[in-house]
Every structure is written in structure tokens, then in C-alpha cells.
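Shown next: model_9.pdb, given as PDB, C-alpha atoms, pLDDT in the B column.
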MODEL        1
ATOM      1  CA  MET A  15      16.703  23.628  -0.083  1.00 68.00           C
ATOM      2  CA  GLY A  16      20.457  24.167  -0.413  1.00 90.00           C
ATOM      3  CA  SER A  17      23.268  22.062  -1.714  1.00 92.00           C
ATOM      4  CA  PRO A  18      24.641  18.780  -0.358  1.00 93.00           C
ATOM      5  CA  THR A  19      26.911  18.948   2.665  1.00 92.00           C
ATOM      6  CA  GLU A  20      30.662  18.510   2.324  1.00 94.00           C
ATOM      7  CA  LYS A  21      30.354  15.098   4.018  1.00 94.00           C
ATOM      8  CA  GLN A  22      27.718  14.001   1.476  1.00 93.00           C
ATOM      9  CA  ILE A  23      29.845  15.221  -1.415  1.00 95.00           C
ATOM     10  CA  ALA A  24      32.931  13.425  -0.071  1.00 96.00           C
ATOM     11  CA  LEU A  25      31.031  10.171   0.519  1.00 94.00           C
ATOM     12  CA  ALA A  26      29.482  10.172  -2.960  1.00 95.00           C
ATOM     13  CA  ALA A  27      32.905  10.910  -4.468  1.00 96.00           C
ATOM     14  CA  GLN A  28      34.275   7.740  -2.853  1.00 95.00           C
ATOM     15  CA  PHE A  29      31.849   5.838  -5.095  1.00 93.00           C
ATOM     16  CA  GLY A  30      32.568   7.908  -8.206  1.00 95.00           C
ATOM     17  CA  TYR A  31      29.590  10.275  -8.010  1.00 94.00           C
ATOM     18  CA  ASP A  32      29.776  14.069  -8.208  1.00 96.00           C
ATOM     19  CA  ILE A  33      26.723  15.382  -6.388  1.00 96.00           C
ATOM     20  CA  SER A  34      28.069  18.903  -5.804  1.00 95.00           C
ATOM     21  CA  GLY A  35      25.668  20.410  -8.370  1.00 95.00           C
ATOM     22  CA  LEU A  36      22.587  18.705  -6.927  1.00 96.00           C
ATOM     23  CA  SER A  37      20.177  19.921  -4.275  1.00 95.00           C
ATOM     24  CA  ARG A  38      20.564  18.576  -0.760  1.00 93.00           C
ATOM     25  CA  ARG A  39      17.463  16.410  -1.257  1.00 94.00           C
ATOM     26  CA  GLU A  40      18.844  14.970  -4.525  1.00 95.00           C
ATOM     27  CA  GLY A  41      22.239  14.377  -2.907  1.00 95.00           C
ATOM     28  CA  HIS A  42      20.556  12.554  -0.028  1.00 94.00           C
ATOM     29  CA  ALA A  43      18.692  10.349  -2.529  1.00 95.00           C
ATOM     30  CA  VAL A  44      21.949   9.409  -4.272  1.00 95.00           C
ATOM     31  CA  ILE A  45      23.590   8.543  -0.933  1.00 95.00           C
ATOM     32  CA  ASP A  46      20.526   6.524   0.106  1.00 95.00           C
ATOM     33  CA  ASP A  47      20.691   4.547  -3.160  1.00 95.00           C
ATOM     34  CA  LEU A  48      24.413   3.888  -2.622  1.00 95.00           C
ATOM     35  CA  MET A  49      23.828   2.610   0.924  1.00 95.00           C
ATOM     36  CA  THR A  50      20.977   0.370  -0.240  1.00 95.00           C
ATOM     37  CA  GLU A  51      23.228  -1.077  -2.949  1.00 95.00           C
ATOM     38  CA  LEU A  52      25.940  -1.763  -0.343  1.00 95.00           C
ATOM     39  CA  ASN A  53      23.324  -3.588   1.757  1.00 96.00           C
ATOM     40  CA  HIS A  54      22.227  -5.703  -1.217  1.00 96.00           C
ATOM     41  CA  GLU A  55      25.845  -6.562  -2.054  1.00 96.00           C
ATOM     42  CA  ALA A  56      26.480  -7.648   1.552  1.00 96.00           C
ATOM     43  CA  ILE A  57      23.352  -9.824   1.545  1.00 97.00           C
ATOM     44  CA  GLN A  58      24.365 -11.485  -1.716  1.00 96.00           C
ATOM     45  CA  ASP A  59      28.124 -11.784  -1.080  1.00 96.00           C
ATOM     46  CA  GLN A  60      27.692 -13.297   2.395  1.00 96.00           C
ATOM     47  CA  ALA A  61      24.489 -15.223   1.611  1.00 96.00           C
ATOM     48  CA  LEU A  62      22.731 -13.543   4.543  1.00 97.00           C
ATOM     49  CA  ALA A  63      19.359 -15.112   5.290  1.00 96.00           C
ATOM     50  CA  PRO A  64      17.127 -15.971   8.239  1.00 96.00           C
ATOM     51  CA  GLY A  65      18.902 -18.395  10.570  1.00 95.00           C
ATOM     52  CA  VAL A  66      22.429 -17.231   9.687  1.00 96.00           C
ATOM     53  CA  THR A  67      24.616 -16.176  12.648  1.00 96.00           C
ATOM     54  CA  VAL A  68      26.464 -12.880  12.258  1.00 96.00           C
ATOM     55  CA  THR A  69      28.277 -10.222  14.246  1.00 96.00           C
ATOM     56  CA  ASN A  70      27.972  -6.468  13.874  1.00 96.00           C
ATOM     57  CA  VAL A  71      31.315  -4.936  12.875  1.00 95.00           C
ATOM     58  CA  HIS A  72      30.539  -1.981  15.166  1.00 95.00           C
ATOM     59  CA  ASP A  73      30.043  -4.198  18.245  1.00 93.00           C
ATOM     60  CA  SER A  74      33.300  -4.361  20.219  1.00 94.00           C
ATOM     61  CA  LEU A  75      31.962  -7.387  22.139  1.00 93.00           C
ATOM     62  CA  GLU A  76      31.277  -9.280  18.874  1.00 90.00           C
ATOM     63  CA  MET A  77      28.042 -10.727  20.225  1.00 92.00           C
ATOM     64  CA  PRO A  78      26.603 -13.421  17.954  1.00 94.00           C
ATOM     65  CA  LEU A  79      23.256 -12.495  16.409  1.00 94.00           C
ATOM     66  CA  VAL A  80      20.890 -14.791  14.520  1.00 95.00           C
ATOM     67  CA  ILE A  81      19.067 -13.228  11.583  1.00 96.00           C
ATOM     68  CA  SER A  82      15.290 -13.304  11.900  1.00 96.00           C
ATOM     69  CA  SER A  83      14.329 -11.402   8.747  1.00 96.00           C
ATOM     70  CA  ILE A  84      15.654  -8.989   6.135  1.00 97.00           C
ATOM     71  CA  LYS A  85      13.694  -6.042   4.717  1.00 96.00           C
ATOM     72  CA  PRO A  86      14.032  -5.018   1.044  1.00 94.00           C
ATOM     73  CA  ASP A  87      16.097  -1.941   2.008  1.00 93.00           C
ATOM     74  CA  GLY A  88      18.731  -4.148   3.682  1.00 96.00           C
ATOM     75  CA  THR A  89      17.613  -3.722   7.280  1.00 96.00           C
ATOM     76  CA  VAL A  90      18.349  -6.987   9.107  1.00 97.00           C
ATOM     77  CA  TYR A  91      16.307  -7.958  12.165  1.00 96.00           C
ATOM     78  CA  PHE A  92      17.548 -10.441  14.751  1.00 96.00           C
ATOM     79  CA  CYS A  93      15.952 -13.199  16.813  1.00 94.00           C
ATOM     80  CA  GLY A  94      15.137 -12.343  20.408  1.00 89.00           C
ATOM     81  CA  GLY A  95      12.782  -9.463  19.831  1.00 74.00           C
ATOM     82  CA  ASN A  96      13.118  -5.924  21.113  1.00 85.00           C
ATOM     83  CA  GLY A  97      13.468  -4.644  17.534  1.00 87.00           C
ATOM     84  CA  LYS A  98      17.213  -5.289  17.427  1.00 93.00           C
ATOM     85  CA  ARG A  99      18.407  -4.550  13.896  1.00 95.00           C
ATOM     86  CA  ALA A 100      21.341  -3.421  11.766  1.00 97.00           C
ATOM     87  CA  TRP A 101      22.180  -2.605   8.173  1.00 97.00           C
ATOM     88  CA  ALA A 102      23.374  -5.640   6.221  1.00 97.00           C
ATOM     89  CA  ARG A 103      26.524  -3.725   5.239  1.00 97.00           C
ATOM     90  CA  SER A 104      27.514  -3.670   8.936  1.00 97.00           C
ATOM     91  CA  LEU A 105      27.342  -7.445   9.408  1.00 97.00           C
ATOM     92  CA  GLN A 106      29.864 -10.246   9.078  1.00 96.00           C
ATOM     93  CA  ARG A 107      29.020 -13.936   8.969  1.00 95.00           C
ATOM     94  CA  ARG A 108      30.221 -15.449  12.221  1.00 90.00           C
ATOM     95  CA  ASP A 109      31.438 -18.685  10.674  1.00 78.00           C
ATOM     96  CA  GLY A 110      33.590 -16.699   8.244  1.00 58.00           C
ATOM     97  CA  THR A 111      32.409 -18.709   5.274  1.00 54.00           C
ATOM     98  CA  THR A 112      30.213 -17.817   2.363  1.00 54.00           C
ATOM     99  CA  PRO A 113      28.170 -20.829   1.322  1.00 53.00           C
ATOM    100  CA  ASP A 114      27.485 -21.643  -2.311  1.00 52.00           C
ATOM    101  CA  PRO A 115      24.352 -19.581  -3.133  1.00 50.00           C
ATOM    102  CA  VAL A 116      22.779 -22.565  -4.919  1.00 44.00           C
ATOM    103  CA  VAL A 117      23.199 -24.711  -1.805  1.00 42.00           C
ATOM    104  CA  GLN A 118      21.833 -21.883   0.376  1.00 43.00           C
ATOM    105  CA  ARG A 119      18.662 -21.517  -1.721  1.00 40.00           C
ATOM    106  CA  THR A 120      17.899 -25.109  -2.677  1.00 38.00           C
ATOM    107  CA  GLY A 121      19.604 -27.171   0.003  1.00 40.00           C
ATOM    108  CA  SER A 122      21.458 -29.210  -2.607  1.00 38.00           C
ATOM    109  CA  THR A 123      24.396 -28.822  -4.910  1.00 39.00           C
ATOM    110  CA  GLY A 124      22.241 -29.465  -7.951  1.00 41.00           C
ATOM    111  CA  ARG A 125      24.168 -32.658  -8.788  1.00 37.00           C
TER     112      ARG A 125
ENDMDL
END

Turn the structure described in the file into C-alpha cells.
Amino acid sequence: MGSPTEKQIALAAQFGYDISGLSRREGHAVIDDLMTELNHEAIQDQALAPGVTVTNVHDSLEMPLVISSIKPDGTVYFCGGNGKRAWARSLQRRDGTTPDPVVQRTGSTGR
């Protein structure tokens, strides 16, 4: 099936992985795992959840979007229908804050 592309090799290297000796399919799997991990980190670090307002970093108009749901792979869907979605790694909380994860999950500070 061939070897990974130069772009795949360069991207994996940015994260400390040498995929140059892998097949293209194996290289793609490594990149896919890296992107999924970036999505999970964004979800956790920004406490992304349904109801949270975000903007897409690739949207020059910075339109506010309200999260409707999040799939296990990190795909975030937005309220309003039409299948509007983005990767979690491309989103930024609109309020600029990251709430305490305990407060986000339980609604209390636990005190």
C-alpha cells in the first residue's frame, strides 16, 4: 500500500512519532489516534459539554455556537440542526473561562 506521505511523517514527528517505516495505512492510524487524543484533551481542558457556547478557531466571523452533543471521537455537533459540526480541537470556549470540572459535572463545589 506504500509508505506514509511526507506530510503524515512531518505531522507525526511534531508529536514525537517516527512513522517513516510504517505502511501508509498504519501511518494514517497513528495520525488518527493523535487527532482523537487532541480532541479528548480539548474536551477535558475546556470542559466542553452540551450547552456550552464556543467559537470555531477557523471561523473568521467568530460566530457563537452552542454545543448540542459530542461523539466519542471528538466530533462536536451544534444546536440549530443542519448537521453543523467541528472537531473539538478546533473550538474555543466563548466565555474564555474553563470551569472547575467538579462544578461542571455535579453542579456544586463539593463543599

Worksheet item: What do you get, as number ranges by chain, if you spell out every residue that the PyMOL selection byres ((chain A and resi 32) around 12) selects here?
Response: A: 18, 20, 22-31, 33-37, 40-41, 44-45

Response to the item:
In terms of all atoms listed in the file, the residue from A:Arg103, A:Lys98, A:Arg39, A:Lys21 at minimal distance from Leu62 of chain A is A:Arg103

Non-local contacts of Gly97 of chain A (12 Å; only C-alpha atoms; under 6 positions in same chain excluded) as a PDB file with C-alpha atoms, in the frame of the given file:
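The resulting file, out.pdb, is reproduced below:
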ATOM      1  CA  ILE A  81      19.067 -13.228  11.583  1.00 96.00           C
ATOM      2  CA  SER A  82      15.290 -13.304  11.900  1.00 96.00           C
ATOM      3  CA  SER A  83      14.329 -11.402   8.747  1.00 96.00           C
ATOM      4  CA  THR A  89      17.613  -3.722   7.280  1.00 96.00           C
ATOM      5  CA  VAL A  90      18.349  -6.987   9.107  1.00 97.00           C
ATOM      6  CA  TYR A  91      16.307  -7.958  12.165  1.00 96.00           C
TER       7      TYR A  91
END

Fill in: Selection: 7 Å around Gln60 of chain A, only C-alpha atoms, excl. self and same-chain fewer than 2 positions, as a VMD selection string
chain A and resid 56 to 58 62 107 112

Practice prompt. Could you tell me which of A:Thr50, A:Val80, A:Ala100, A:Gly94 comes closest to Ala63 of chain A if we count all atoms listed in the file?
Written response: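 Using all atoms listed in the file, Ala63 of chain A sits closest to A:Val80.
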
Response to the item:
Between A:Arg38, A:Asp109, A:His54, A:Arg99, smallest distance to Val66 of chain A by only C-alpha atoms belongs to A:Asp109

Practice prompt. Between A:Ser17, A:Ala102, A:Arg108, A:Lys85, single out the one closest to Asp59 of chain A, counting all atoms listed in the file.
Written response: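 Among A:Ser17, A:Ala102, A:Arg108, A:Lys85, it is A:Ala102 that comes nearest to Asp59 of chain A.
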